[in-house]
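Just start-v1.tsv here, TSV, C-alpha atoms:
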chain	number	residue	atom	x	y	z
A	1	SER	CA	11.02	-9.51	1.22
A	2	GLN	CA	8.08	-7.90	2.95
A	3	GLN	CA	8.74	-5.54	5.80
A	4	GLY	CA	5.66	-6.08	7.88
A	5	GLU	CA	3.93	-9.21	9.04
A	6	GLU	CA	0.50	-9.00	10.59
A	7	ASP	CA	-0.98	-11.24	13.23
A	8	PRO	CA	-3.55	-12.71	13.22
A	9	GLN	CA	-4.17	-13.43	9.54
A	10	ALA	CA	-7.93	-13.33	10.14
A	11	LEU	CA	-10.17	-12.06	12.91
A	12	SER	CA	-13.93	-12.42	13.40
A	13	ILE	CA	-15.65	-10.31	16.04
A	14	GLN	CA	-19.13	-9.21	17.08
A	15	GLU	CA	-20.28	-5.68	16.39
A	16	GLY	CA	-19.37	-3.47	19.32
A	17	GLU	CA	-16.30	-5.49	20.31
A	18	ASN	CA	-12.74	-4.27	19.95
A	19	ALA	CA	-10.38	-5.62	17.29
A	20	THR	CA	-6.64	-5.77	17.85
A	21	MET	CA	-4.07	-6.70	15.25
A	22	ASN	CA	-0.31	-6.75	15.47
A	23	CYS	CA	2.47	-6.02	13.03
A	24	SER	CA	6.15	-6.88	13.16
A	25	TYR	CA	8.76	-5.43	10.86
A	26	LYS	CA	12.34	-6.32	10.05
A	27	THR	CA	14.46	-3.23	9.46
A	28	SER	CA	14.64	0.31	10.79
A	29	ILE	CA	11.82	2.63	9.74
A	30	ASN	CA	11.11	6.35	9.54
A	31	ASN	CA	7.45	5.77	10.24
A	32	LEU	CA	4.84	3.02	10.21
A	33	GLN	CA	1.53	3.36	8.44
A	34	TRP	CA	-1.74	1.45	8.60
A	35	TYR	CA	-4.14	1.04	5.69
A	36	ARG	CA	-7.57	-0.46	5.14
A	37	GLN	CA	-8.68	-2.23	2.00
A	38	ASN	CA	-12.26	-3.11	1.26
A	39	SER	CA	-12.75	-6.06	-1.04
A	40	GLY	CA	-11.56	-5.28	-4.56
A	41	ARG	CA	-10.82	-1.64	-3.81
A	42	GLY	CA	-7.73	0.51	-3.39
A	43	LEU	CA	-6.08	1.07	-0.05
A	44	VAL	CA	-7.14	3.87	2.25
A	45	HIS	CA	-4.72	5.43	4.71
A	46	LEU	CA	-5.77	5.17	8.36
A	47	ILE	CA	-2.95	6.46	10.51
A	48	LEU	CA	0.79	7.16	10.47
A	49	ILE	CA	3.02	6.90	13.52
A	50	ARG	CA	6.56	8.26	13.44
A	51	SER	CA	9.52	6.29	14.76
A	52	ASN	CA	9.87	8.69	17.72
A	53	GLU	CA	6.23	8.28	18.77
A	54	ARG	CA	4.90	5.50	20.98
A	55	GLU	CA	1.15	5.88	20.68
A	56	LYS	CA	-1.29	7.72	18.47
A	57	HIS	CA	-5.07	8.02	18.36
A	58	SER	CA	-7.48	8.86	15.58
A	59	GLY	CA	-11.19	8.52	16.28
A	60	ARG	CA	-11.80	4.85	17.17
A	61	LEU	CA	-8.26	3.87	16.19
A	62	ARG	CA	-5.31	3.52	18.50
A	63	VAL	CA	-1.86	2.65	17.22
A	64	THR	CA	1.19	1.79	19.27
A	65	LEU	CA	4.78	1.48	18.14
A	66	ASP	CA	7.64	-0.27	19.93
A	67	THR	CA	10.82	0.28	17.95
A	68	SER	CA	12.88	-1.85	20.35
A	69	LYS	CA	10.70	-4.86	19.47
A	70	LYS	CA	10.09	-3.73	15.90
A	71	SER	CA	6.36	-4.09	16.40
A	72	SER	CA	3.14	-2.11	16.18
A	73	SER	CA	-0.47	-2.73	17.05
A	74	LEU	CA	-3.74	-1.35	15.74
A	75	LEU	CA	-6.79	-1.30	17.97
A	76	ILE	CA	-10.24	-0.56	16.58
A	77	THR	CA	-12.70	0.13	19.36
A	78	ALA	CA	-16.48	-0.40	19.25
A	79	SER	CA	-16.32	-2.12	15.87
A	80	ARG	CA	-19.03	-1.69	13.25
A	81	ALA	CA	-20.07	-3.77	10.26
A	82	ALA	CA	-18.43	-1.13	8.05
A	83	ASP	CA	-15.05	-1.99	9.63
A	84	THR	CA	-15.11	-5.33	7.79
A	85	ALA	CA	-12.01	-5.11	5.60
A	86	SER	CA	-8.37	-6.13	5.31
A	87	TYR	CA	-5.87	-4.11	7.30
A	88	PHE	CA	-2.22	-3.69	6.35
A	89	CYS	CA	0.75	-2.23	8.10
A	90	ALA	CA	3.58	-0.73	6.08
A	91	GLY	CA	7.02	0.33	7.22
A	92	ALA	CA	8.50	3.41	5.55
A	93	ASN	CA	12.26	3.37	5.11
A	94	ASP	CA	13.76	6.14	2.98
A	95	TYR	CA	11.73	6.05	-0.24
A	96	LYS	CA	10.29	2.57	0.11
A	97	LEU	CA	7.10	1.45	1.79
A	98	SER	CA	6.99	-2.28	2.58
A	99	PHE	CA	3.66	-3.92	3.30
A	100	GLY	CA	2.74	-6.97	5.30
A	101	ALA	CA	0.28	-9.63	4.14
A	102	GLY	CA	-2.60	-8.11	6.11
A	103	THR	CA	-5.24	-9.07	8.65
A	104	THR	CA	-8.75	-9.78	7.40
A	105	VAL	CA	-11.33	-8.51	9.88
A	106	THR	CA	-14.96	-9.61	9.76
A	107	VAL	CA	-17.43	-7.80	12.00
A	108	ARG	CA	-20.62	-9.81	12.59
A	109	ALA	CA	-23.88	-7.96	13.15
B	1	ASN	CA	-9.55	16.92	-7.18
B	2	ALA	CA	-9.62	13.53	-8.90
B	3	GLY	CA	-6.80	12.22	-6.69
B	4	VAL	CA	-4.98	9.25	-8.23
B	5	THR	CA	-6.49	7.81	-11.38
B	6	GLN	CA	-5.54	4.59	-13.14
B	7	THR	CA	-6.48	3.24	-16.55
B	8	PRO	CA	-7.56	0.75	-17.63
B	9	LYS	CA	-9.56	-0.88	-14.80
B	10	PHE	CA	-9.31	-4.32	-16.38
B	11	GLN	CA	-7.00	-5.77	-19.03
B	12	VAL	CA	-6.45	-9.20	-20.56
B	13	LEU	CA	-3.20	-9.83	-22.42
B	14	LYS	CA	-1.68	-12.77	-24.20
B	15	THR	CA	1.78	-13.97	-23.23
B	16	GLY	CA	4.42	-11.86	-24.96
B	17	GLN	CA	2.25	-8.79	-25.52
B	18	SER	CA	3.30	-5.42	-24.17
B	19	MET	CA	1.17	-2.71	-22.66
B	20	THR	CA	1.26	0.42	-20.54
B	21	LEU	CA	-0.72	0.98	-17.37
B	22	GLN	CA	-1.48	4.65	-16.87
B	23	CYS	CA	-1.37	6.52	-13.59
B	24	ALA	CA	-1.98	10.21	-12.99
B	25	GLN	CA	-2.31	12.39	-9.89
B	26	ASP	CA	-3.44	16.00	-9.50
B	27	MET	CA	-2.12	16.68	-6.00
B	28	ASN	CA	1.35	17.87	-7.05
B	29	HIS	CA	2.97	15.00	-5.15
B	30	GLU	CA	6.64	14.48	-5.84
B	31	TYR	CA	6.57	10.78	-4.94
B	32	MET	CA	4.79	8.16	-7.03
B	33	SER	CA	4.99	4.40	-6.97
B	34	TRP	CA	3.64	1.18	-8.43
B	35	TYR	CA	2.70	-1.93	-6.49
B	36	ARG	CA	1.34	-5.31	-7.36
B	37	GLN	CA	-0.98	-7.29	-5.12
B	38	ASP	CA	-1.34	-11.03	-5.44
B	39	PRO	CA	-4.03	-13.11	-3.67
B	40	GLY	CA	-3.46	-13.39	0.06
B	41	MET	CA	-0.47	-11.09	-0.01
B	42	GLY	CA	0.25	-7.51	0.74
B	43	LEU	CA	1.48	-5.02	-1.79
B	44	ARG	CA	4.94	-5.39	-3.28
B	45	LEU	CA	6.77	-2.36	-4.59
B	46	ILE	CA	7.69	-2.51	-8.29
B	47	HIS	CA	9.17	0.93	-9.04
B	48	TYR	CA	9.02	4.38	-7.54
B	49	SER	CA	9.86	7.95	-8.43
B	50	VAL	CA	10.81	10.91	-6.24
B	51	GLY	CA	10.29	13.48	-8.97
B	52	ALA	CA	10.22	14.08	-12.70
B	53	GLY	CA	13.16	12.35	-14.35
B	54	ILE	CA	14.02	10.26	-11.27
B	55	THR	CA	13.00	6.62	-10.93
B	56	ASP	CA	14.29	3.65	-8.98
B	57	GLN	CA	13.59	-0.02	-8.51
B	58	GLY	CA	11.51	-1.53	-5.77
B	59	GLU	CA	11.24	-5.10	-4.56
B	60	VAL	CA	9.99	-6.76	-7.78
B	61	PRO	CA	11.11	-4.66	-10.79
B	62	ASN	CA	11.88	-7.40	-13.33
B	63	GLY	CA	9.69	-7.29	-16.42
B	64	TYR	CA	8.54	-3.70	-15.81
B	65	ASN	CA	9.75	-0.31	-16.95
B	66	VAL	CA	8.78	3.16	-15.77
B	67	SER	CA	9.52	6.74	-16.68
B	68	ARG	CA	8.47	10.05	-15.17
B	69	SER	CA	8.50	12.94	-17.59
B	70	THR	CA	6.01	15.08	-15.63
B	71	THR	CA	5.03	15.44	-11.97
B	72	GLU	CA	1.51	14.24	-12.76
B	73	ASP	CA	2.08	11.01	-14.72
B	74	PHE	CA	3.87	7.76	-13.91
B	75	PRO	CA	3.16	5.03	-16.48
B	76	LEU	CA	4.14	1.40	-15.93
B	77	ARG	CA	5.18	-0.62	-18.97
B	78	LEU	CA	5.06	-4.37	-19.24
B	79	LEU	CA	7.65	-5.28	-21.83
B	80	SER	CA	6.64	-8.86	-22.65
B	81	ALA	CA	3.75	-10.05	-20.51
B	82	ALA	CA	4.01	-13.37	-18.69
B	83	PRO	CA	1.35	-15.31	-16.75
B	84	SER	CA	3.32	-14.57	-13.56
B	85	GLN	CA	2.42	-10.91	-14.04
B	86	THR	CA	-1.29	-11.64	-13.56
B	87	SER	CA	-2.10	-9.43	-10.59
B	88	VAL	CA	-3.82	-6.29	-9.41
B	89	TYR	CA	-1.67	-3.21	-9.90
B	90	PHE	CA	-1.94	-0.13	-7.71
B	91	CYS	CA	-0.42	3.27	-8.23
B	92	ALA	CA	0.12	5.60	-5.29
B	93	SER	CA	1.43	9.10	-4.64
B	94	SER	CA	2.46	11.18	-1.66
B	95	TYR	CA	4.55	14.01	-0.35
B	96	VAL	CA	7.97	13.28	1.04
B	97	GLY	CA	8.71	15.09	4.28
B	98	GLY	CA	11.64	15.37	6.62
B	99	LEU	CA	10.44	12.29	8.48
B	100	GLY	CA	10.05	10.04	5.44
B	101	LEU	CA	7.21	9.11	3.17
B	102	GLY	CA	3.85	10.61	4.01
B	103	GLN	CA	0.51	8.92	3.75
B	104	GLN	CA	0.00	7.27	0.39
B	105	PHE	CA	-2.96	8.08	-1.83
B	106	PHE	CA	-3.88	5.02	-3.87
B	107	GLY	CA	-5.60	4.67	-7.19
B	108	PRO	CA	-8.45	2.18	-7.66
B	109	GLY	CA	-6.24	-0.45	-9.26
B	110	THR	CA	-5.89	-2.25	-12.59
B	111	ARG	CA	-6.76	-5.93	-12.70
B	112	LEU	CA	-4.46	-7.59	-15.23
B	113	THR	CA	-4.77	-11.13	-16.52
B	114	VAL	CA	-2.08	-12.64	-18.74
B	115	LEU	CA	-3.11	-15.77	-20.63

Final structure tokens representation of the file:
Amino acid sequence: SQQGEEDPQALSIQEGENATMNCSYKTSINNLQWYRQNSGRGLVHLILIRSNEREKHSGRLRVTLDTSKKSSSLLITASRAADTASYFCAGANDYKLSFGAGTTVTVRA
Amino acid sequence: NAGVTQTPKFQVLKTGQSMTLQCAQDMNHEYMSWYRQDPGMGLRLIHYSVGAGITDQGEVPNGYNVSRSTTEDFPLRLLSAAPSQTSVYFCASSYVGGLGLGQQFFGPGTRLTVL
């Protein structure tokens, strides 16, 4: 069974707006990772947050982690057309990384 | 550095045929893994390896074999292809630190169709 479940499944926003997506996971994790996938391509790592961290920033990305609720959120600020992609969260537990089904983000010019 | 490379990019098989998907990395990562991605779904872990000579099963291992004789290579073998194995296959590698798996470096994928 998949570890992470993203919400919403799809998101359409205007360029310049912020995009927020949420992820819930089922079991304990060592860390939680977010990835981006452009259509037909491999996944690209965005950010990793450890289980003892609550918030992390990287450029226009902000990730939060609430281990008590087993949930995480990814915020992309000031979105651009190039941010159009699918975004996946993945919970790392020992030697296994379990992915959710992803959120498809479309940024309209 | 080439990163993670996968061959072939595309493959069409007939039911019952066998084949090997190749994966190689040049980053000296101890951890390597195989995933499959089906339409509208995330990646599901097939097998993984934490070093040469060490492999273990993931979430969906049936119908697949792996071996790891070197740090660099981690081939995935389909023993007798079935239409249910039509998917896009991704290989990934990473370091393993004290706080778990590090960021994964993914290959470009192999698109497999089984007729």

Name all residues at most 8 Å from Phe106 of chain B (count all atoms listed in the file; drop same-chain ones fewer than 6 positions away) and give them as a PyMOL selection string.
(chain A and resi 42-44) or (chain B and resi 4+90-93)

Give one line per residue of chain A that approaches chain B to at most 9 Å, naming the two atoms of the closest pair and their distance in Å to one decimal, counting all atoms listed in the file; sort by chain then ascending residue number and deliver it as a tab-separated table.
residue	atom	partner	partner_atom	distance
A:Ser1	CA	B:Glu59	CA	7.3
A:Gln2	CA	B:Arg44	CA	7.4
A:Ile29	CA	B:Gly100	CA	8.7
A:Asn30	CA	B:Gly100	CA	5.6
A:Asn31	CA	B:Gly100	CA	6.9
A:Gln33	CA	B:Gln103	CA	7.3
A:Gly40	CA	B:Gly109	CA	8.6
A:Arg41	CA	B:Pro108	CA	5.9
A:Gly42	CA	B:Pro108	CA	4.6
A:Leu43	CA	B:Phe106	CA	5.9
A:Val44	CA	B:Phe106	CA	7.0
A:His45	CA	B:Gln103	CA	6.4
A:Leu46	CA	B:Gln103	CA	8.6
A:Ile47	CA	B:Gln103	CA	8.0
A:Leu48	CA	B:Gln103	CA	7.0
A:Arg50	CA	B:Leu99	CA	7.5
A:Ser51	CA	B:Leu99	CA	8.7
A:Phe88	CA	B:Gly42	CA	7.2
A:Ala92	CA	B:Leu101	CA	6.3
A:Asn93	CA	B:Gly100	CA	7.0
A:Asp94	CA	B:Gly100	CA	5.9
A:Tyr95	CA	B:Leu101	CA	6.4
A:Lys96	CA	B:Gly58	CA	7.3
A:Leu97	CA	B:Leu45	CA	7.4
A:Ser98	CA	B:Arg44	CA	6.9
A:Phe99	CA	B:Gly42	CA	5.6
A:Gly100	CA	B:Gly42	CA	5.2
A:Ala101	CA	B:Gly42	CA	4.0
A:Gly102	CA	B:Gly42	CA	6.1

Can you pull out the residues contacting segment 72-82 of chain A? Cut-off 9 Å, using only C-alpha atoms, and skip same-chain residues under 4 positions away; I want them as number ranges by chain.
A: 13-25, 32, 34, 60-67, 89, 106-109

When you draw a straight line from atom CA of Pro83 of chain B to atom CA of Asn65 of chain B, how long is it in Å?
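Taking atom CA of Pro83 of chain B as the start and atom CA of Asn65 of chain B as the end point, the length is 17.2 Å.
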